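Chemist: Have a peek at my_file-v1.cif (mmCIF, N, CA and C atoms).
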data_input
#
loop_
_atom_site.group_PDB
_atom_site.id
_atom_site.type_symbol
_atom_site.label_atom_id
_atom_site.label_comp_id
_atom_site.auth_asym_id
_atom_site.auth_seq_id
_atom_site.Cartn_x
_atom_site.Cartn_y
_atom_site.Cartn_z
ATOM 1 N N MET A 1 9.581 187.778 42.866
ATOM 2 C CA MET A 1 8.621 188.862 42.787
ATOM 3 C C MET A 1 9.277 190.174 43.221
ATOM 4 N N GLY A 2 10.412 190.108 43.951
ATOM 5 C CA GLY A 2 11.106 191.324 44.339
ATOM 6 C C GLY A 2 10.399 192.141 45.395
ATOM 7 N N VAL A 3 9.632 191.505 46.245
ATOM 8 C CA VAL A 3 8.859 192.200 47.277
ATOM 9 C C VAL A 3 9.456 191.904 48.645
ATOM 10 N N GLN A 4 9.512 192.926 49.485
ATOM 11 C CA GLN A 4 9.953 192.751 50.864
ATOM 12 C C GLN A 4 8.815 193.121 51.793
ATOM 13 N N VAL A 5 8.708 192.413 52.894
ATOM 14 C CA VAL A 5 7.670 192.665 53.887
ATOM 15 C C VAL A 5 8.311 193.225 55.140
ATOM 16 N N ALA A 6 7.701 194.266 55.692
ATOM 17 C CA ALA A 6 8.141 194.832 56.963
ATOM 18 C C ALA A 6 6.923 195.440 57.641
ATOM 19 N N ALA A 7 6.988 195.527 58.928
ATOM 20 C CA ALA A 7 5.936 196.188 59.700
ATOM 21 C C ALA A 7 6.562 197.399 60.379
ATOM 22 N N VAL A 8 5.741 198.388 60.650
ATOM 23 C CA VAL A 8 6.196 199.566 61.381
ATOM 24 C C VAL A 8 5.369 199.662 62.651
ATOM 25 N N SER A 9 6.046 199.766 63.764
ATOM 26 C CA SER A 9 5.388 199.865 65.058
ATOM 27 C C SER A 9 5.729 201.200 65.705
ATOM 28 N N ALA A 10 4.736 201.811 66.324
ATOM 29 C CA ALA A 10 4.996 203.042 67.077
ATOM 30 C C ALA A 10 5.596 202.734 68.446
ATOM 31 N N ASP A 11 5.807 201.452 68.732
ATOM 32 C CA ASP A 11 6.444 201.044 69.986
ATOM 33 C C ASP A 11 7.940 201.332 69.923
ATOM 34 N N ASP A 12 8.567 201.398 71.110
ATOM 35 C CA ASP A 12 10.015 201.528 71.135
ATOM 36 C C ASP A 12 10.638 200.207 70.700
ATOM 37 N N LEU A 13 11.972 200.158 70.645
ATOM 38 C CA LEU A 13 12.666 198.975 70.145
ATOM 39 C C LEU A 13 12.310 197.720 70.938
ATOM 40 N N ASP A 14 12.246 197.818 72.265
ATOM 41 C CA ASP A 14 11.882 196.652 73.083
ATOM 42 C C ASP A 14 10.465 196.191 72.777
ATOM 43 N N GLY A 15 9.542 197.128 72.573
ATOM 44 C CA GLY A 15 8.171 196.775 72.238
ATOM 45 C C GLY A 15 8.077 196.088 70.889
ATOM 46 N N ALA A 16 8.852 196.578 69.921
ATOM 47 C CA ALA A 16 8.871 195.956 68.589
ATOM 48 C C ALA A 16 9.436 194.537 68.672
ATOM 49 N N ARG A 17 10.484 194.351 69.470
ATOM 50 C CA ARG A 17 11.051 193.001 69.649
ATOM 51 C C ARG A 17 10.027 192.059 70.272
ATOM 52 N N THR A 18 9.289 192.570 71.240
ATOM 53 C CA THR A 18 8.264 191.756 71.899
ATOM 54 C C THR A 18 7.219 191.295 70.900
ATOM 55 N N ILE A 19 6.799 192.186 69.993
ATOM 56 C CA ILE A 19 5.815 191.822 68.968
ATOM 57 C C ILE A 19 6.360 190.694 68.101
ATOM 58 N N VAL A 20 7.616 190.828 67.660
ATOM 59 C CA VAL A 20 8.236 189.801 66.818
ATOM 60 C C VAL A 20 8.261 188.465 67.538
ATOM 61 N N GLU A 21 8.671 188.471 68.803
ATOM 62 C CA GLU A 21 8.762 187.228 69.570
ATOM 63 C C GLU A 21 7.386 186.629 69.846
ATOM 64 N N ARG A 22 6.449 187.460 70.287
ATOM 65 C CA ARG A 22 5.117 186.971 70.646
ATOM 66 C C ARG A 22 4.382 186.392 69.441
ATOM 67 N N LYS A 23 4.495 187.076 68.312
ATOM 68 C CA LYS A 23 3.783 186.645 67.101
ATOM 69 C C LYS A 23 4.620 185.728 66.219
ATOM 70 N N GLN A 24 5.872 185.482 66.625
ATOM 71 C CA GLN A 24 6.807 184.652 65.863
ATOM 72 C C GLN A 24 6.891 185.106 64.407
ATOM 73 N N LEU A 25 7.083 186.403 64.229
ATOM 74 C CA LEU A 25 7.133 186.979 62.892
ATOM 75 C C LEU A 25 8.459 186.655 62.226
ATOM 76 N N ARG A 26 8.407 186.469 60.926
ATOM 77 C CA ARG A 26 9.608 186.160 60.159
ATOM 78 C C ARG A 26 9.981 187.314 59.225
ATOM 79 N N PHE A 27 9.517 188.483 59.563
ATOM 80 C CA PHE A 27 9.878 189.684 58.815
ATOM 81 C C PHE A 27 10.188 190.779 59.823
ATOM 82 N N PRO A 28 10.923 191.801 59.407
ATOM 83 C CA PRO A 28 11.312 192.842 60.358
ATOM 84 C C PRO A 28 10.136 193.710 60.801
ATOM 85 N N VAL A 29 10.197 194.112 62.059
ATOM 86 C CA VAL A 29 9.265 195.097 62.609
ATOM 87 C C VAL A 29 10.112 196.307 62.979
ATOM 88 N N LEU A 30 9.853 197.412 62.298
ATOM 89 C CA LEU A 30 10.635 198.624 62.500
ATOM 90 C C LEU A 30 10.039 199.437 63.637
ATOM 91 N N SER A 31 10.881 199.942 64.496
ATOM 92 C CA SER A 31 10.452 200.752 65.629
ATOM 93 C C SER A 31 10.421 202.217 65.216
ATOM 94 N N ASP A 32 9.270 202.868 65.388
ATOM 95 C CA ASP A 32 9.106 204.271 64.995
ATOM 96 C C ASP A 32 8.315 205.013 66.080
ATOM 97 N N PRO A 33 8.867 205.082 67.314
ATOM 98 C CA PRO A 33 8.093 205.657 68.413
ATOM 99 C C PRO A 33 7.769 207.144 68.246
ATOM 100 N N LYS A 34 8.553 207.861 67.469
ATOM 101 C CA LYS A 34 8.263 209.285 67.253
ATOM 102 C C LYS A 34 7.409 209.509 66.009
ATOM 103 N N GLY A 35 7.121 208.420 65.286
ATOM 104 C CA GLY A 35 6.203 208.496 64.159
ATOM 105 C C GLY A 35 6.745 209.127 62.898
ATOM 106 N N ALA A 36 8.060 209.122 62.701
ATOM 107 C CA ALA A 36 8.638 209.769 61.516
ATOM 108 C C ALA A 36 8.078 209.170 60.225
ATOM 109 N N LEU A 37 8.103 207.857 60.109
ATOM 110 C CA LEU A 37 7.597 207.207 58.903
ATOM 111 C C LEU A 37 6.083 207.335 58.808
ATOM 112 N N LEU A 38 5.411 207.119 59.927
ATOM 113 C CA LEU A 38 3.948 207.206 59.921
ATOM 114 C C LEU A 38 3.477 208.624 59.610
ATOM 115 N N ARG A 39 4.199 209.613 60.068
ATOM 116 C CA ARG A 39 3.869 211.016 59.727
ATOM 117 C C ARG A 39 4.072 211.252 58.230
ATOM 118 N N ALA A 40 5.165 210.719 57.692
ATOM 119 C CA ALA A 40 5.464 210.911 56.270
ATOM 120 C C ALA A 40 4.346 210.358 55.388
ATOM 121 N N TYR A 41 3.715 209.283 55.841
ATOM 122 C CA TYR A 41 2.601 208.683 55.100
ATOM 123 C C TYR A 41 1.247 209.144 55.637
ATOM 124 N N LYS A 42 1.281 210.236 56.412
ATOM 125 C CA LYS A 42 0.067 210.848 56.960
ATOM 126 C C LYS A 42 -0.805 209.824 57.696
ATOM 127 N N HIS A 43 -0.120 209.031 58.524
ATOM 128 C CA HIS A 43 -0.822 208.002 59.296
ATOM 129 C C HIS A 43 -0.459 208.088 60.778
ATOM 130 N N TRP A 44 -0.507 209.308 61.292
ATOM 131 C CA TRP A 44 -0.143 209.593 62.680
ATOM 132 C C TRP A 44 -1.194 210.521 63.265
ATOM 133 N N ASP A 45 -1.707 210.194 64.442
ATOM 134 C CA ASP A 45 -2.654 211.057 65.145
ATOM 135 C C ASP A 45 -1.843 212.012 66.010
ATOM 136 N N SER A 46 -1.706 213.263 65.551
ATOM 137 C CA SER A 46 -0.867 214.244 66.252
ATOM 138 C C SER A 46 -1.419 214.628 67.619
ATOM 139 N N GLU A 47 -2.731 214.647 67.755
ATOM 140 C CA GLU A 47 -3.320 214.999 69.051
ATOM 141 C C GLU A 47 -3.039 213.935 70.099
ATOM 142 N N ALA A 48 -3.249 212.680 69.727
ATOM 143 C CA ALA A 48 -3.046 211.574 70.666
ATOM 144 C C ALA A 48 -1.594 211.092 70.679
ATOM 145 N N GLU A 49 -0.792 211.564 69.690
ATOM 146 C CA GLU A 49 0.599 211.142 69.558
ATOM 147 C C GLU A 49 0.726 209.626 69.430
ATOM 148 N N ILE A 50 -0.093 209.044 68.531
ATOM 149 C CA ILE A 50 -0.029 207.604 68.282
ATOM 150 C C ILE A 50 -0.092 207.330 66.789
ATOM 151 N N GLY A 51 0.492 206.205 66.407
ATOM 152 C CA GLY A 51 0.407 205.762 65.023
ATOM 153 C C GLY A 51 -0.944 205.125 64.764
ATOM 154 N N LEU A 52 -1.412 205.238 63.520
ATOM 155 C CA LEU A 52 -2.681 204.653 63.123
ATOM 156 C C LEU A 52 -2.415 203.374 62.348
ATOM 157 N N ALA A 53 -3.242 202.369 62.563
ATOM 158 C CA ALA A 53 -3.055 201.079 61.902
ATOM 159 C C ALA A 53 -3.429 201.178 60.433
ATOM 160 N N GLY A 54 -2.624 200.575 59.595
ATOM 161 C CA GLY A 54 -2.904 200.557 58.168
ATOM 162 C C GLY A 54 -1.982 199.577 57.479
ATOM 163 N N THR A 55 -2.366 199.164 56.281
ATOM 164 C CA THR A 55 -1.554 198.265 55.471
ATOM 165 C C THR A 55 -1.221 198.986 54.173
ATOM 166 N N PHE A 56 0.049 199.021 53.834
ATOM 167 C CA PHE A 56 0.529 199.706 52.643
ATOM 168 C C PHE A 56 1.329 198.747 51.767
ATOM 169 N N VAL A 57 1.266 198.943 50.483
ATOM 170 C CA VAL A 57 2.233 198.368 49.551
ATOM 171 C C VAL A 57 2.899 199.581 48.924
ATOM 172 N N VAL A 58 4.232 199.631 49.044
ATOM 173 C CA VAL A 58 4.991 200.810 48.645
ATOM 174 C C VAL A 58 6.033 200.409 47.609
ATOM 175 N N ARG A 59 6.117 201.182 46.538
ATOM 176 C CA ARG A 59 7.140 200.956 45.512
ATOM 177 C C ARG A 59 8.509 201.383 46.045
ATOM 178 N N PRO A 60 9.587 200.926 45.390
ATOM 179 C CA PRO A 60 10.933 201.360 45.816
ATOM 180 C C PRO A 60 11.094 202.882 45.813
ATOM 181 N N ASP A 61 10.339 203.599 44.964
ATOM 182 C CA ASP A 61 10.435 205.061 44.951
ATOM 183 C C ASP A 61 9.607 205.698 46.067
ATOM 184 N N ARG A 62 9.055 204.850 46.954
ATOM 185 C CA ARG A 62 8.278 205.240 48.136
ATOM 186 C C ARG A 62 6.861 205.699 47.835
ATOM 187 N N SER A 63 6.406 205.517 46.610
ATOM 188 C CA SER A 63 5.019 205.864 46.300
ATOM 189 C C SER A 63 4.111 204.716 46.721
ATOM 190 N N ILE A 64 2.954 205.075 47.223
ATOM 191 C CA ILE A 64 1.998 204.077 47.711
ATOM 192 C C ILE A 64 1.165 203.565 46.537
ATOM 193 N N VAL A 65 1.107 202.248 46.381
ATOM 194 C CA VAL A 65 0.277 201.661 45.333
ATOM 195 C C VAL A 65 -0.955 200.964 45.907
ATOM 196 N N PHE A 66 -0.942 200.742 47.213
ATOM 197 C CA PHE A 66 -2.089 200.115 47.872
ATOM 198 C C PHE A 66 -2.132 200.604 49.307
ATOM 199 N N TYR A 67 -3.316 200.915 49.755
ATOM 200 C CA TYR A 67 -3.488 201.315 51.150
ATOM 201 C C TYR A 67 -4.854 200.835 51.616
ATOM 202 N N GLU A 68 -4.885 200.280 52.791
ATOM 203 C CA GLU A 68 -6.152 199.909 53.416
ATOM 204 C C GLU A 68 -6.096 200.306 54.882
ATOM 205 N N ASP A 69 -7.080 201.104 55.302
ATOM 206 C CA ASP A 69 -7.177 201.552 56.691
ATOM 207 C C ASP A 69 -7.651 200.384 57.542
ATOM 208 N N ASP A 70 -6.851 200.022 58.514
ATOM 209 C CA ASP A 70 -7.201 198.894 59.382
ATOM 210 C C ASP A 70 -7.929 199.345 60.639
ATOM 211 N N GLY A 71 -8.148 200.641 60.782
ATOM 212 C CA GLY A 71 -8.789 201.135 61.986
ATOM 213 C C GLY A 71 -7.960 200.756 63.200
ATOM 214 N N GLU A 72 -8.617 200.566 64.303
ATOM 215 C CA GLU A 72 -7.900 200.181 65.522
ATOM 216 C C GLU A 72 -7.942 198.679 65.749
ATOM 217 N N LYS A 73 -8.517 197.963 64.805
ATOM 218 C CA LYS A 73 -8.693 196.518 64.970
ATOM 219 C C LYS A 73 -7.684 195.770 64.114
ATOM 220 N N PHE A 74 -6.750 195.095 64.762
ATOM 221 C CA PHE A 74 -5.733 194.368 64.016
ATOM 222 C C PHE A 74 -6.321 193.239 63.185
ATOM 223 N N TYR A 75 -7.472 192.709 63.560
ATOM 224 C CA TYR A 75 -8.074 191.624 62.800
ATOM 225 C C TYR A 75 -8.677 192.105 61.484
ATOM 226 N N ARG A 76 -8.689 193.410 61.242
ATOM 227 C CA ARG A 76 -9.241 193.949 60.008
ATOM 228 C C ARG A 76 -8.202 194.052 58.896
ATOM 229 N N ARG A 77 -7.032 193.507 59.101
ATOM 230 C CA ARG A 77 -5.988 193.573 58.085
ATOM 231 C C ARG A 77 -6.487 192.911 56.796
ATOM 232 N N PRO A 78 -6.014 193.393 55.641
ATOM 233 C CA PRO A 78 -6.393 192.731 54.386
ATOM 234 C C PRO A 78 -5.774 191.342 54.336
ATOM 235 N N SER A 79 -6.355 190.487 53.543
ATOM 236 C CA SER A 79 -5.834 189.122 53.443
ATOM 237 C C SER A 79 -4.481 189.128 52.748
ATOM 238 N N ALA A 80 -3.695 188.120 53.047
ATOM 239 C CA ALA A 80 -2.393 187.969 52.386
ATOM 240 C C ALA A 80 -2.597 187.834 50.884
ATOM 241 N N ALA A 81 -3.658 187.161 50.478
ATOM 242 C CA ALA A 81 -3.938 186.988 49.050
ATOM 243 C C ALA A 81 -4.141 188.337 48.367
ATOM 244 N N ARG A 82 -4.839 189.254 49.027
ATOM 245 C CA ARG A 82 -5.082 190.576 48.438
ATOM 246 C C ARG A 82 -3.774 191.359 48.309
ATOM 247 N N VAL A 83 -2.941 191.333 49.326
ATOM 248 C CA VAL A 83 -1.664 192.043 49.280
ATOM 249 C C VAL A 83 -0.751 191.432 48.215
ATOM 250 N N LEU A 84 -0.741 190.111 48.100
ATOM 251 C CA LEU A 84 0.062 189.448 47.058
ATOM 252 C C LEU A 84 -0.438 189.816 45.665
ATOM 253 N N GLU A 85 -1.742 189.908 45.502
ATOM 254 C CA GLU A 85 -2.318 190.293 44.206
ATOM 255 C C GLU A 85 -1.786 191.669 43.784
ATOM 256 N N VAL A 86 -1.774 192.603 44.737
ATOM 257 C CA VAL A 86 -1.264 193.944 44.446
ATOM 258 C C VAL A 86 0.222 193.884 44.137
ATOM 259 N N ALA A 87 0.991 193.143 44.933
ATOM 260 C CA ALA A 87 2.442 193.050 44.743
ATOM 261 C C ALA A 87 2.781 192.437 43.385
ATOM 262 N N ARG A 88 2.017 191.449 42.972
ATOM 263 C CA ARG A 88 2.266 190.813 41.667
ATOM 264 C C ARG A 88 2.046 191.781 40.519
ATOM 265 N N GLY A 89 1.210 192.784 40.743
ATOM 266 C CA GLY A 89 0.908 193.761 39.709
ATOM 267 C C GLY A 89 1.971 194.850 39.571
ATOM 268 N N LEU A 90 2.965 194.858 40.449
ATOM 269 C CA LEU A 90 4.001 195.894 40.384
ATOM 270 C C LEU A 90 4.936 195.663 39.210
#
I need this file expressed as C-alpha cells, please.

Modeler:
Amino acid sequence: MGVQVAAVSADDLDGARTIVERKQLRFPVLSDPKGALLRAYKHWDSEAEIGLAGTFVVRPDRSIVFYEDDGEKFYRRPSAARVLEVARGL
C-alpha cells in the first residue's frame, strides 16, 4: 500500500521514548517540542504553547488528504479501519 505510520509528540525526545515504551508502539514517534511540524499544519496552540491532538493522512507531497480533530481526548482517535480506508484510496 506504500503507507508509513508515524506519530508526532510535542514532548521532548525522552518523553517521546517513554510513550513508545509505555504503549509498546511499533511505529516511530517524532519529538516536536517546539511545534515546528504542528505549526506547519496549523495544529499548535500559540497561547498555551502546546500541540493539539489530531489524526492526519498526508501524501508524500505533504498535502493533507484526511484530518480528524481528536480534541484533548486520546480515546477519540479515528478507528484504524477508517484510516486504512483513506490510505487505500491514495

Chemist: Within 10 Å of Ala36 in chain A, counting only C-alpha atoms, which residues show up once you throw out same-chain ones fewer than 6 positions away? Write them as JSON, numbers by chain, please.

Modeler: {"A": [10, 42, 43, 44, 51]}

Chemist: Dump as number ranges by chain all residues having an atom at most 8 Å from (11.9, 194.8, 61.8), computed in the file's coordinates with all atoms listed in the file.

Modeler: A: 5-9, 16-17, 20, 27-31

Chemist: Report as JSON, numbers by chain all protein, DNA and RNA residues lying within 8 Å of Val86 in chain A, evaluated on all atoms listed in the file, omitting residues in the same chain fewer than 4 positions from it.

Modeler: {"A": [57, 65, 66, 80, 81, 82, 90]}

Chemist: Save out the residues we just selected, N, CA and C atoms, as a PDB file, in the frame of the given file.

Modeler:
ATOM      1  N   VAL A  57       1.266 198.943  50.483  1.00  0.00           N
ATOM      2  CA  VAL A  57       2.233 198.368  49.551  1.00  0.00           C
ATOM      3  C   VAL A  57       2.899 199.581  48.924  1.00  0.00           C
ATOM      4  N   VAL A  65       1.107 202.248  46.381  1.00  0.00           N
ATOM      5  CA  VAL A  65       0.277 201.661  45.333  1.00  0.00           C
ATOM      6  C   VAL A  65      -0.955 200.964  45.907  1.00  0.00           C
ATOM      7  N   PHE A  66      -0.942 200.742  47.213  1.00  0.00           N
ATOM      8  CA  PHE A  66      -2.089 200.115  47.872  1.00  0.00           C
ATOM      9  C   PHE A  66      -2.132 200.604  49.307  1.00  0.00           C
ATOM     10  N   ALA A  80      -3.695 188.120  53.047  1.00  0.00           N
ATOM     11  CA  ALA A  80      -2.393 187.969  52.386  1.00  0.00           C
ATOM     12  C   ALA A  80      -2.597 187.834  50.884  1.00  0.00           C
ATOM     13  N   ALA A  81      -3.658 187.161  50.478  1.00  0.00           N
ATOM     14  CA  ALA A  81      -3.938 186.988  49.050  1.00  0.00           C
ATOM     15  C   ALA A  81      -4.141 188.337  48.367  1.00  0.00           C
ATOM     16  N   ARG A  82      -4.839 189.254  49.027  1.00  0.00           N
ATOM     17  CA  ARG A  82      -5.082 190.576  48.438  1.00  0.00           C
ATOM     18  C   ARG A  82      -3.774 191.359  48.309  1.00  0.00           C
ATOM     19  N   LEU A  90       2.965 194.858  40.449  1.00  0.00           N
ATOM     20  CA  LEU A  90       4.001 195.894  40.384  1.00  0.00           C
ATOM     21  C   LEU A  90       4.936 195.663  39.210  1.00  0.00           C
TER      22      LEU A  90
END

Chemist: Closest to Asp70 in chain A among A:Leu25, A:Leu13, A:Ala53, A:Ile19, using only C-alpha atoms?

Modeler: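 With only C-alpha atoms as the atom set, the closest residue is A:Ala53.
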
Chemist: What are the DSSP strand (DSSP E) residues of range 17-90 of chain A, as a list in words?

Modeler: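 Written out, the strand (DSSP E) residues of range 17-90 of chain A are Val29, Leu30, Ser31, Trp44, Asp45, Ile50, Gly51, Ala53, Gly54, Thr55, Phe56, Val57, Val58, Ile64, Val65, Phe66, Tyr67, Glu68, Asp69, Asp70 and Gly71 of chain A.
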
Chemist: Name the residues of chain A that fall into helix (DSSP H, G or I) according to DSSP on the backbone, using the chain letters and numbers of this document, as a list in words.

Modeler: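 Helix (DSSP H, G or I) assignments inside chain A correspond to Leu13, Asp14, Gly15, Ala16, Arg17, Thr18, Ile19, Val20, Glu21, Arg22, Lys23, Ala36, Leu37, Leu38, Arg39, Ala40, Phe74, Tyr75, Arg76, Ala80, Ala81, Arg82, Val83, Leu84, Glu85, Val86, Ala87 and Arg88 of chain A.
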
Chemist: What is the distance, in Å and to one decimal place, between atom N of Pro60 in chain A and atom C of Gly15 in chain A?

Modeler: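 One can read the atom N of Pro60 in chain A to atom C of Gly15 in chain A distance as 26.0 Å.
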
Chemist: Could you jot down the CA of Glu68 in chain A to CA of Gly35 in chain A separation for me, Å, one decimal place?

Modeler: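 CA of Gly35 in chain A lies 18.5 Å from CA of Glu68 in chain A.
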